[in-house]
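K.L.:
What follows is my_file25.pdb; its format and atoms are PDB, C-alpha atoms.
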```
ATOM      1  CA  MET N   1       4.308  19.113  -3.868
ATOM      2  CA  GLU N   2       5.072  19.162  -0.145
ATOM      3  CA  TYR N   3       8.102  17.081   0.821
ATOM      4  CA  ILE N   4       8.308  15.737   4.370
ATOM      5  CA  ARG N   5      11.143  13.767   5.935
ATOM      6  CA  GLY N   6       9.688  11.587   8.696
ATOM      7  CA  LEU N   7       6.083  10.693   9.473
ATOM      8  CA  GLU N   8       6.191  12.674  12.715
ATOM      9  CA  GLN N   9       6.643  15.871  10.682
ATOM     10  CA  TYR N  10       3.273  15.476   8.939
ATOM     11  CA  CYS N  11       0.613  17.763  10.384
ATOM     12  CA  CYS N  12      -2.713  18.151   8.578
ATOM     13  CA  ASP N  13      -6.276  17.527   9.720
ATOM     14  CA  GLY N  14      -7.677  17.034   6.206
ATOM     15  CA  ARG N  15      -8.591  13.611   4.819
ATOM     16  CA  SER N  16      -6.230  11.888   2.412
ATOM     17  CA  ALA N  17      -5.754   9.201  -0.204
ATOM     18  CA  VAL N  18      -2.505   7.430   0.626
ATOM     19  CA  THR N  19      -0.289   4.677  -0.720
ATOM     20  CA  PHE N  20       2.701   3.018   0.932
ATOM     21  CA  GLY N  21       5.810   1.242  -0.327
ATOM     22  CA  LYS N  22       9.545   1.385  -0.904
ATOM     23  CA  PHE N  23       8.930   2.746  -4.406
ATOM     24  CA  ASP N  24      12.448   1.893  -5.536
ATOM     25  CA  GLY N  25      12.497   2.769  -9.229
ATOM     26  CA  LEU N  26       8.861   3.895  -9.402
ATOM     27  CA  HIS N  27       8.227   1.241 -12.068
ATOM     28  CA  ILE N  28       4.933   0.798 -13.912
ATOM     29  CA  GLY N  29       3.529  -1.306 -11.072
ATOM     30  CA  HIS N  30       4.189   1.516  -8.612
ATOM     31  CA  GLN N  31       2.700   3.968 -11.085
ATOM     32  CA  LYS N  32      -0.631   2.077 -10.980
ATOM     33  CA  LEU N  33      -0.865   2.749  -7.236
ATOM     34  CA  ILE N  34      -0.034   6.429  -7.641
ATOM     35  CA  THR N  35      -2.486   6.866 -10.530
ATOM     36  CA  LYS N  36      -5.273   5.427  -8.344
ATOM     37  CA  VAL N  37      -4.379   7.811  -5.534
ATOM     38  CA  GLN N  38      -4.458  10.711  -8.011
ATOM     39  CA  GLU N  39      -7.903   9.683  -9.264
ATOM     40  CA  LEU N  40      -9.356   9.437  -5.753
ATOM     41  CA  SER N  41      -7.787  12.751  -4.783
ATOM     42  CA  ARG N  42      -9.300  14.568  -7.763
ATOM     43  CA  GLU N  43     -12.722  12.956  -7.413
ATOM     44  CA  THR N  44     -13.193  13.715  -3.718
ATOM     45  CA  ARG N  45     -10.811  16.639  -3.168
ATOM     46  CA  VAL N  46      -8.686  14.954  -0.533
ATOM     47  CA  ARG N  47      -4.899  15.216  -0.294
ATOM     48  CA  SER N  48      -2.880  12.685  -2.265
ATOM     49  CA  ILE N  49      -0.008  11.202  -0.246
ATOM     50  CA  VAL N  50       2.832   8.889  -1.261
ATOM     51  CA  CYS N  51       4.601   7.441   1.777
ATOM     52  CA  ALA N  52       7.952   5.973   0.712
ATOM     53  CA  PHE N  53       9.889   3.841   3.181
ATOM     54  CA  ASP N  54      13.610   4.674   3.192
ATOM     55  CA  MET N  55      15.309   1.390   4.079
ATOM     56  CA  HIS N  56      18.812   2.846   4.587
ATOM     57  CA  PRO N  57      18.625   3.008   8.420
ATOM     58  CA  LEU N  58      17.679  -0.669   8.641
ATOM     59  CA  TRP N  59      20.287  -1.674   6.052
ATOM     60  CA  LYS N  60      22.940   0.226   8.028
ATOM     61  CA  ALA N  61      21.928  -1.468  11.280
ATOM     62  CA  LYS N  62      22.133  -4.869   9.577
ATOM     63  CA  GLN N  63      25.376  -3.932   7.742
ATOM     64  CA  VAL N  64      23.757  -4.560   4.369
ATOM     65  CA  GLN N  65      25.239  -2.891   1.282
ATOM     66  CA  PRO N  66      22.201  -1.524  -0.605
ATOM     67  CA  GLN N  67      21.676  -1.794  -4.331
ATOM     68  CA  ILE N  68      18.938   0.592  -5.423
ATOM     69  CA  LEU N  69      17.364   1.786  -8.667
ATOM     70  CA  MET N  70      16.863   5.379  -7.544
ATOM     71  CA  ASP N  71      17.813   7.560  -4.604
ATOM     72  CA  ALA N  72      15.538   9.913  -2.663
ATOM     73  CA  LYS N  73      16.395  12.902  -4.850
ATOM     74  CA  GLU N  74      15.503  11.011  -8.043
ATOM     75  CA  ARG N  75      12.235   9.821  -6.477
ATOM     76  CA  TYR N  76      11.394  13.411  -5.562
ATOM     77  CA  GLU N  77      11.983  14.551  -9.150
ATOM     78  CA  HIS N  78       9.714  11.823 -10.511
ATOM     79  CA  LEU N  79       6.891  12.561  -8.067
ATOM     80  CA  LYS N  80       6.964  16.347  -7.726
ATOM     81  CA  ASP N  81       4.076  16.792 -10.184
ATOM     82  CA  GLU N  82       2.280  13.537  -9.294
ATOM     83  CA  THR N  83       1.220  13.933  -5.644
ATOM     84  CA  ASP N  84       0.332  16.590  -3.097
ATOM     85  CA  VAL N  85       2.625  15.164  -0.413
ATOM     86  CA  LEU N  86       5.689  12.915  -0.506
ATOM     87  CA  ILE N  87       6.640  11.523   2.894
ATOM     88  CA  GLU N  88      10.056   9.885   3.140
ATOM     89  CA  CYS N  89       9.781   7.590   6.141
ATOM     90  CA  PRO N  90      13.134   6.357   7.546
ATOM     91  CA  PHE N  91      12.688   2.630   8.204
ATOM     92  CA  THR N  92      14.675   2.452  11.424
ATOM     93  CA  PRO N  93      15.046  -0.682  13.572
ATOM     94  CA  GLN N  94      12.618   0.988  16.006
ATOM     95  CA  PHE N  95      10.046   1.645  13.279
ATOM     96  CA  SER N  96      10.292  -1.988  12.163
ATOM     97  CA  GLN N  97       8.995  -3.004  15.626
ATOM     98  CA  VAL N  98       5.751  -1.011  15.382
ATOM     99  CA  GLU N  99       2.849  -3.438  15.688
ATOM    100  CA  ALA N 100       0.617  -3.752  12.634
ATOM    101  CA  GLU N 101      -2.463  -2.653  14.579
ATOM    102  CA  GLU N 102      -0.662   0.450  15.807
ATOM    103  CA  PHE N 103       0.428   1.270  12.257
ATOM    104  CA  ILE N 104      -3.214   1.294  11.160
ATOM    105  CA  GLU N 105      -4.673   3.115  14.150
ATOM    106  CA  ARG N 106      -1.927   5.647  14.869
ATOM    107  CA  ILE N 107      -0.458   6.308  11.423
ATOM    108  CA  ILE N 108      -3.048   5.528   8.756
ATOM    109  CA  CYS N 109      -6.015   6.803  10.746
ATOM    110  CA  GLY N 110      -4.715   9.072  13.501
ATOM    111  CA  LEU N 111      -1.904  10.845  11.644
ATOM    112  CA  LEU N 112      -2.778  10.702   7.940
ATOM    113  CA  HIS N 113      -6.578  10.767   8.375
ATOM    114  CA  ALA N 114      -6.881   8.387   5.446
ATOM    115  CA  LYS N 115     -10.168   8.315   3.567
ATOM    116  CA  TYR N 116      -8.653   5.935   1.011
ATOM    117  CA  VAL N 117      -5.776   3.466   1.334
ATOM    118  CA  VAL N 118      -4.248   2.126  -1.898
ATOM    119  CA  VAL N 119      -1.815  -0.811  -1.759
ATOM    120  CA  GLY N 120      -0.632  -3.754  -3.817
ATOM    121  CA  THR N 121      -1.807  -7.308  -3.211
ATOM    122  CA  ASP N 122       1.399  -8.276  -1.356
ATOM    123  CA  PHE N 123       1.670  -5.205   0.897
ATOM    124  CA  GLN N 124       2.910  -6.148   4.380
ATOM    125  CA  PHE N 125       3.582  -3.932   7.376
ATOM    126  CA  GLY N 126       4.215  -3.911  11.091
ATOM    127  CA  ARG N 127       6.474  -6.014  13.301
ATOM    128  CA  GLU N 128       7.369  -9.330  11.676
ATOM    129  CA  LYS N 129       5.218  -8.255   8.712
ATOM    130  CA  ARG N 130       2.061  -9.325  10.501
ATOM    131  CA  GLY N 131      -0.049  -6.730   8.728
ATOM    132  CA  ASP N 132      -1.398  -7.432   5.249
ATOM    133  CA  VAL N 133      -4.317  -6.502   3.000
ATOM    134  CA  ARG N 134      -6.637  -8.797   4.970
ATOM    135  CA  MET N 135      -5.924  -6.866   8.172
ATOM    136  CA  LEU N 136      -6.342  -3.544   6.376
ATOM    137  CA  ALA N 137      -9.748  -4.727   5.150
ATOM    138  CA  GLU N 138     -10.777  -5.783   8.681
ATOM    139  CA  TYR N 139      -9.950  -2.334  10.084
ATOM    140  CA  ALA N 140     -11.460  -0.321   7.211
ATOM    141  CA  GLY N 141     -14.958  -0.030   8.684
ATOM    142  CA  ARG N 142     -13.992   0.923  12.219
ATOM    143  CA  CYS N 143     -11.265   3.344  11.065
ATOM    144  CA  GLY N 144     -13.355   4.974   8.362
ATOM    145  CA  TYR N 145     -11.249   4.423   5.259
ATOM    146  CA  GLU N 146     -11.931   2.601   2.000
ATOM    147  CA  LEU N 147      -9.332   0.077   0.876
ATOM    148  CA  PHE N 148      -8.246  -0.390  -2.735
ATOM    149  CA  VAL N 149      -6.029  -3.397  -3.459
ATOM    150  CA  ILE N 150      -4.338  -3.094  -6.855
ATOM    151  CA  GLU N 151      -3.320  -6.173  -8.826
ATOM    152  CA  LYS N 152       0.317  -6.507  -9.812
ATOM    153  CA  GLU N 153       1.538  -5.538 -13.260
ATOM    154  CA  ARG N 154       3.156  -8.398 -15.156
ATOM    155  CA  TYR N 155       5.628  -8.787 -17.974
ATOM    156  CA  GLN N 156       4.967 -12.111 -19.654
ATOM    157  CA  ASP N 157       4.880 -14.574 -16.733
ATOM    158  CA  ARG N 158       6.702 -12.393 -14.165
ATOM    159  CA  ILE N 159       5.386  -9.856 -11.697
ATOM    160  CA  ILE N 160       7.106  -6.532 -12.295
ATOM    161  CA  SER N 161       9.163  -5.662  -9.239
ATOM    162  CA  SER N 162      12.299  -3.744  -8.328
ATOM    163  CA  THR N 163      14.082  -7.082  -7.868
ATOM    164  CA  PHE N 164      13.113  -8.206 -11.380
ATOM    165  CA  ILE N 165      14.340  -4.923 -12.877
ATOM    166  CA  LYS N 166      17.675  -5.217 -11.077
ATOM    167  CA  GLU N 167      18.110  -8.708 -12.539
ATOM    168  CA  VAL N 168      17.393  -7.358 -16.013
ATOM    169  CA  LEU N 169      19.851  -4.488 -15.569
ATOM    170  CA  ARG N 170      22.631  -6.777 -14.369
ATOM    171  CA  GLN N 171      22.167  -8.721 -17.594
ATOM    172  CA  GLY N 172      22.649  -5.484 -19.563
ATOM    173  CA  ASP N 173      19.132  -5.396 -21.022
ATOM    174  CA  VAL N 174      18.463  -1.699 -20.556
ATOM    175  CA  CYS N 175      15.761  -1.839 -23.254
ATOM    176  CA  LEU N 176      13.678  -4.278 -21.207
ATOM    177  CA  ALA N 177      14.429  -2.256 -18.072
ATOM    178  CA  GLU N 178      12.928   0.790 -19.810
ATOM    179  CA  THR N 179       9.801  -1.233 -20.628
ATOM    180  CA  LEU N 180       9.415  -2.314 -16.995
ATOM    181  CA  LEU N 181      10.188   1.090 -15.517
ATOM    182  CA  GLY N 182       8.172   3.097 -18.021
ATOM    183  CA  TYR N 183      11.194   5.351 -18.621
ATOM    184  CA  PRO N 184      14.907   4.810 -19.406
ATOM    185  CA  TYR N 185      17.185   3.740 -16.562
ATOM    186  CA  THR N 186      18.793   6.950 -15.426
ATOM    187  CA  LEU N 187      21.853   8.189 -13.598
ATOM    188  CA  LYS N 188      22.353  11.748 -12.360
ATOM    189  CA  GLY N 189      25.703  13.125 -11.389
ATOM    190  CA  ARG N 190      28.111  16.012 -11.523
ATOM    191  CA  VAL N 191      30.623  16.158 -14.367
ATOM    192  CA  GLU N 192      34.182  15.774 -13.135
ATOM    193  CA  HIS N 193      37.560  16.269 -14.783
ATOM    194  CA  GLY N 194      39.069  13.313 -16.597
ATOM    195  CA  ARG N 195      42.399  12.812 -18.340
ATOM    196  CA  ARG N 196      41.162  14.694 -21.442
ATOM    197  CA  LEU N 197      42.400  11.787 -23.600
ATOM    198  CA  GLY N 198      39.159  11.700 -25.553
ATOM    199  CA  ARG N 199      39.654  15.269 -26.729
ATOM    200  CA  THR N 200      43.073  14.434 -28.176
ATOM    201  CA  LEU N 201      41.515  11.473 -30.026
ATOM    202  CA  GLY N 202      38.756  13.577 -31.523
ATOM    203  CA  PHE N 203      35.890  12.609 -29.225
ATOM    204  CA  PRO N 204      35.793  14.815 -26.101
ATOM    205  CA  THR N 205      33.870  13.173 -23.274
ATOM    206  CA  VAL N 206      32.183  13.969 -19.963
ATOM    207  CA  ASN N 207      32.807  11.838 -16.879
ATOM    208  CA  VAL N 208      30.397  11.100 -14.031
ATOM    209  CA  ALA N 209      31.163   8.787 -11.103
ATOM    210  CA  TRP N 210      28.848   5.790 -10.742
ATOM    211  CA  PRO N 211      27.379   5.779  -7.181
ATOM    212  CA  ASP N 212      28.340   2.681  -5.183
ATOM    213  CA  GLU N 213      24.779   1.864  -4.126
ATOM    214  CA  LYS N 214      23.096   2.376  -7.492
ATOM    215  CA  THR N 215      22.464  -0.835  -9.420
ATOM    216  CA  SER N 216      24.865  -0.985 -12.351
ATOM    217  CA  PRO N 217      24.500  -2.784 -15.667
ATOM    218  CA  PRO N 218      27.553  -4.705 -16.921
ATOM    219  CA  ASN N 219      30.581  -2.661 -17.859
ATOM    220  CA  GLY N 220      30.320  -1.777 -21.500
ATOM    221  CA  VAL N 221      29.312   0.694 -24.182
ATOM    222  CA  TYR N 222      25.742   1.980 -24.298
ATOM    223  CA  PHE N 223      23.776   4.290 -26.544
ATOM    224  CA  SER N 224      22.351   6.980 -24.303
ATOM    225  CA  ARG N 225      20.578  10.308 -24.037
ATOM    226  CA  ILE N 226      21.983  13.069 -21.874
ATOM    227  CA  ARG N 227      20.073  16.022 -20.481
ATOM    228  CA  ILE N 228      21.982  19.210 -19.695
ATOM    229  CA  ASP N 229      20.323  22.491 -18.688
ATOM    230  CA  GLY N 230      16.966  21.316 -19.983
ATOM    231  CA  LYS N 231      18.286  20.191 -23.393
ATOM    232  CA  SER N 232      18.766  16.615 -24.651
ATOM    233  CA  TYR N 233      21.680  15.167 -26.611
ATOM    234  CA  TYR N 234      22.327  11.662 -27.892
ATOM    235  CA  ALA N 235      25.582  10.109 -26.730
ATOM    236  CA  ILE N 236      27.817   7.039 -26.656
ATOM    237  CA  SER N 237      28.518   6.116 -23.027
ATOM    238  CA  ASN N 238      31.039   3.729 -21.506
ATOM    239  CA  VAL N 239      30.194   2.270 -18.098
ATOM    240  CA  GLY N 240      33.305   0.896 -16.435
ATOM    241  CA  VAL N 241      36.915   1.528 -15.520
ATOM    242  CA  LYS N 242      38.464   2.373 -18.931
ATOM    243  CA  PRO N 243      41.003  -0.505 -18.841
ATOM    244  CA  THR N 244      42.911   0.589 -21.959
ATOM    245  CA  VAL N 245      43.985   3.926 -20.469
ATOM    246  CA  SER N 246      43.640   3.478 -16.698
ATOM    247  CA  GLU N 247      44.657   1.054 -13.965
ATOM    248  CA  ALA N 248      42.099   2.493 -11.522
ATOM    249  CA  GLU N 249      39.134   0.408 -10.410
ATOM    250  CA  ARG N 250      36.817   3.370  -9.853
ATOM    251  CA  LYS N 251      33.650   2.979 -11.920
ATOM    252  CA  LEU N 252      32.675   5.900 -14.141
ATOM    253  CA  ILE N 253      30.254   6.547 -16.939
ATOM    254  CA  GLU N 254      32.123   8.389 -19.683
ATOM    255  CA  SER N 255      30.024   9.834 -22.491
ATOM    256  CA  PHE N 256      30.709  11.337 -25.897
ATOM    257  CA  LEU N 257      27.845  13.637 -26.846
ATOM    258  CA  LEU N 258      26.932  13.946 -30.516
ATOM    259  CA  ASP N 259      26.866  17.477 -31.913
ATOM    260  CA  PHE N 260      28.003  18.987 -28.625
ATOM    261  CA  ASP N 261      31.290  20.558 -27.578
ATOM    262  CA  GLU N 262      30.794  22.780 -24.551
ATOM    263  CA  ASP N 263      32.488  22.976 -21.172
ATOM    264  CA  VAL N 264      30.126  21.360 -18.647
ATOM    265  CA  TYR N 265      32.582  20.571 -15.853
ATOM    266  CA  GLY N 266      30.884  20.874 -12.491
ATOM    267  CA  LYS N 267      27.362  20.733 -13.914
ATOM    268  CA  GLU N 268      24.849  18.087 -12.905
ATOM    269  CA  ILE N 269      23.666  16.041 -15.870
ATOM    270  CA  GLN N 270      21.200  13.213 -16.390
ATOM    271  CA  ILE N 271      22.220  10.130 -18.365
ATOM    272  CA  GLU N 272      19.558   7.764 -19.735
ATOM    273  CA  LEU N 273      20.768   4.344 -20.913
ATOM    274  CA  LEU N 274      18.886   3.315 -24.069
ATOM    275  CA  HIS N 275      20.687   0.330 -25.610
ATOM    276  CA  PHE N 276      23.609  -1.998 -24.855
ATOM    277  CA  ARG N 277      26.216  -1.898 -27.632
ATOM    278  CA  ARG N 278      29.112  -4.119 -26.499
ATOM    279  CA  PRO N 279      31.113  -5.158 -23.406
ATOM    280  CA  GLU N 280      33.949  -2.984 -22.172
ATOM    281  CA  GLN N 281      37.264  -4.101 -23.677
ATOM    282  CA  LYS N 282      40.943  -3.591 -23.020
ATOM    283  CA  PHE N 283      42.636  -2.815 -26.341
ATOM    284  CA  GLU N 284      46.296  -3.311 -27.222
ATOM    285  CA  ASP N 285      46.775   0.405 -27.688
ATOM    286  CA  VAL N 286      44.946   3.724 -27.965
ATOM    287  CA  ALA N 287      44.704   3.324 -31.752
ATOM    288  CA  GLY N 288      42.631   0.170 -31.262
ATOM    289  CA  LEU N 289      40.403   2.025 -28.804
ATOM    290  CA  LYS N 290      39.859   4.865 -31.277
ATOM    291  CA  GLU N 291      38.927   2.451 -34.063
ATOM    292  CA  ALA N 292      36.344   0.757 -31.809
ATOM    293  CA  VAL N 293      34.878   4.104 -30.734
ATOM    294  CA  ASP N 294      34.585   5.181 -34.373
ATOM    295  CA  GLN N 295      32.550   2.013 -35.035
ATOM    296  CA  ASP N 296      30.438   2.691 -31.952
ATOM    297  CA  LEU N 297      29.676   6.179 -33.246
ATOM    298  CA  LEU N 298      28.550   4.881 -36.619
ATOM    299  CA  ALA N 299      26.301   2.273 -35.010
ATOM    300  CA  GLY N 300      24.985   4.851 -32.555
ATOM    301  CA  LYS N 301      24.022   7.319 -35.235
ATOM    302  CA  GLU N 302      22.076   4.586 -37.023
ATOM    303  CA  PHE N 303      20.336   3.623 -33.772
ATOM    304  CA  PHE N 304      19.361   7.193 -32.970
ATOM    305  CA  ALA N 305      18.122   7.804 -36.511
ATOM    306  CA  ASN N 306      15.714   4.871 -36.174
ATOM    307  CA  ARG N 307      14.618   5.548 -32.584
TER
END
```
Step by step, read the file and then write its structure as structure tokens.
P.N.:
Amino acid sequence: MEYIRGLEQYCCDGRSAVTFGKFDGLHIGHQKLITKVQELSRETRVRSIVCAFDMHPLWKAKQVQPQILMDAKERYEHLKDETDVLIECPFTPQFSQVEAEEFIERIICGLLHAKYVVVGTDFQFGREKRGDVRMLAEYAGRCGYELFVIEKERYQDRIISSTFIKEVLRQGDVCLAETLLGYPYTLKGRVEHGRRLGRTLGFPTVNVAWPDEKTSPPNGVYFSRIRIDGKSYYAISNVGVKPTVSEAERKLIESFLLDFDEDVYGKEIQIELLHFRRPEQKFEDVAGLKEAVDQDLLAGKEFFANR
């Protein structure tokens, strides 16, 4: 896959099948768009392009604190085998003022040479969001592309969206989040040194800082799966601030890996949240914490055995 940062860096005369969106989380609704682009690309031998709008420049200009499901690096990892080209397009205040007609003529047609355009039913673009699927359909003939408008995926009576998934995560329902995403909600990070208290209690743990802008489920204990160096391990993970043993407010995810006792400090690991076990608690003493963790381990082993 070719990765490009900024539309102006794209330079290819060949025709393409392209889809546009924020693609935050790459949930199963997004995956429908990308699957259609893949099909068109294979059938007609045009380049498949995913153009993802990076909203950070606009959020910064508006002093908005973002809450996202995945960052650009995670999106790259998900898409590296799914498309020929991934374009990360910084959504700057200047870009937000591009007229809808110019977006079609200069970008879709002039720059990307689109043969096929694949979007969802609610896709909007251009200054003041004047552009929509109706405008794309009006320009299709004169610009020489074919438009495919994909219906939204639904869960029960709700359209699946990044906003819906964030609501579900904030309620702690990581199982439903996995259903909506099509994969477990995931955090990647580098293992840092902790206080090594877990090792003295018989359950050595790994600590990863929770990024400020990544949507967090409620503080609590979760059953999880951790990937290290291409291998997977089941784990019990605590999302929170460890109130029994720390006065700090810095959010971490601390995980005890089953059947694993290696030094992984400094390594990047991937943590997949599979099931909410219980809220984070402040115990009277460390002995109470150890007793609760022992119960978590028993429940976790049963969960993993039945998964």
K.L.:
Please list as a ChimeraX atom specification every residue within 8 Å of segment 143-153 of chain N, counting all atoms listed in the file and excluding residues in the same chain fewer than 5 positions away.
P.N.:
/N:28-29,32-33,105,109,114-121,133,136-137,159-160
K.L.:
Apply the PyMOL selection byres ((chain N and resi 15) around 12) to the file shown and report the selected residues as a ChimeraX atom specification.
P.N.:
/N:11-14,16-18,40-41,44-49,108-117,144-146
K.L.:
Rounded to one decimal place, report the atom CA of Lys188 of chain N-atom CA of Gln270 of chain N distance in Å.
P.N.:
4.4 Å
K.L.:
What's the separation between atom CA of Gly266 of chain N and atom CA of Val206 of chain N, in Å to one decimal place?
P.N.:
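Atom-to-atom, atom CA of Gly266 of chain N to atom CA of Val206 of chain N, that is 10.3 Å.
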K.L.:
Atom CA of Lys214 of chain N and atom CA of Ile68 of chain N, how far apart in Å?
P.N.:
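Those two atoms sit 5.0 Å apart.
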K.L.:
Report the residues retrieved by the PyMOL selection byres ((chain N and resi 53) around 9) from the displayed file, expressed as a PDB file with C-alpha atoms, in the coordinates of the input.
P.N.:
```pdb
ATOM      1  CA  PHE N  20       2.701   3.018   0.932  1.00  0.00           C
ATOM      2  CA  GLY N  21       5.810   1.242  -0.327  1.00  0.00           C
ATOM      3  CA  LYS N  22       9.545   1.385  -0.904  1.00  0.00           C
ATOM      4  CA  PHE N  23       8.930   2.746  -4.406  1.00  0.00           C
ATOM      5  CA  CYS N  51       4.601   7.441   1.777  1.00  0.00           C
ATOM      6  CA  ALA N  52       7.952   5.973   0.712  1.00  0.00           C
ATOM      7  CA  ASP N  54      13.610   4.674   3.192  1.00  0.00           C
ATOM      8  CA  MET N  55      15.309   1.390   4.079  1.00  0.00           C
ATOM      9  CA  ILE N  87       6.640  11.523   2.894  1.00  0.00           C
ATOM     10  CA  GLU N  88      10.056   9.885   3.140  1.00  0.00           C
ATOM     11  CA  CYS N  89       9.781   7.590   6.141  1.00  0.00           C
ATOM     12  CA  PRO N  90      13.134   6.357   7.546  1.00  0.00           C
ATOM     13  CA  PHE N  91      12.688   2.630   8.204  1.00  0.00           C
TER      14      PHE N  91
END
```
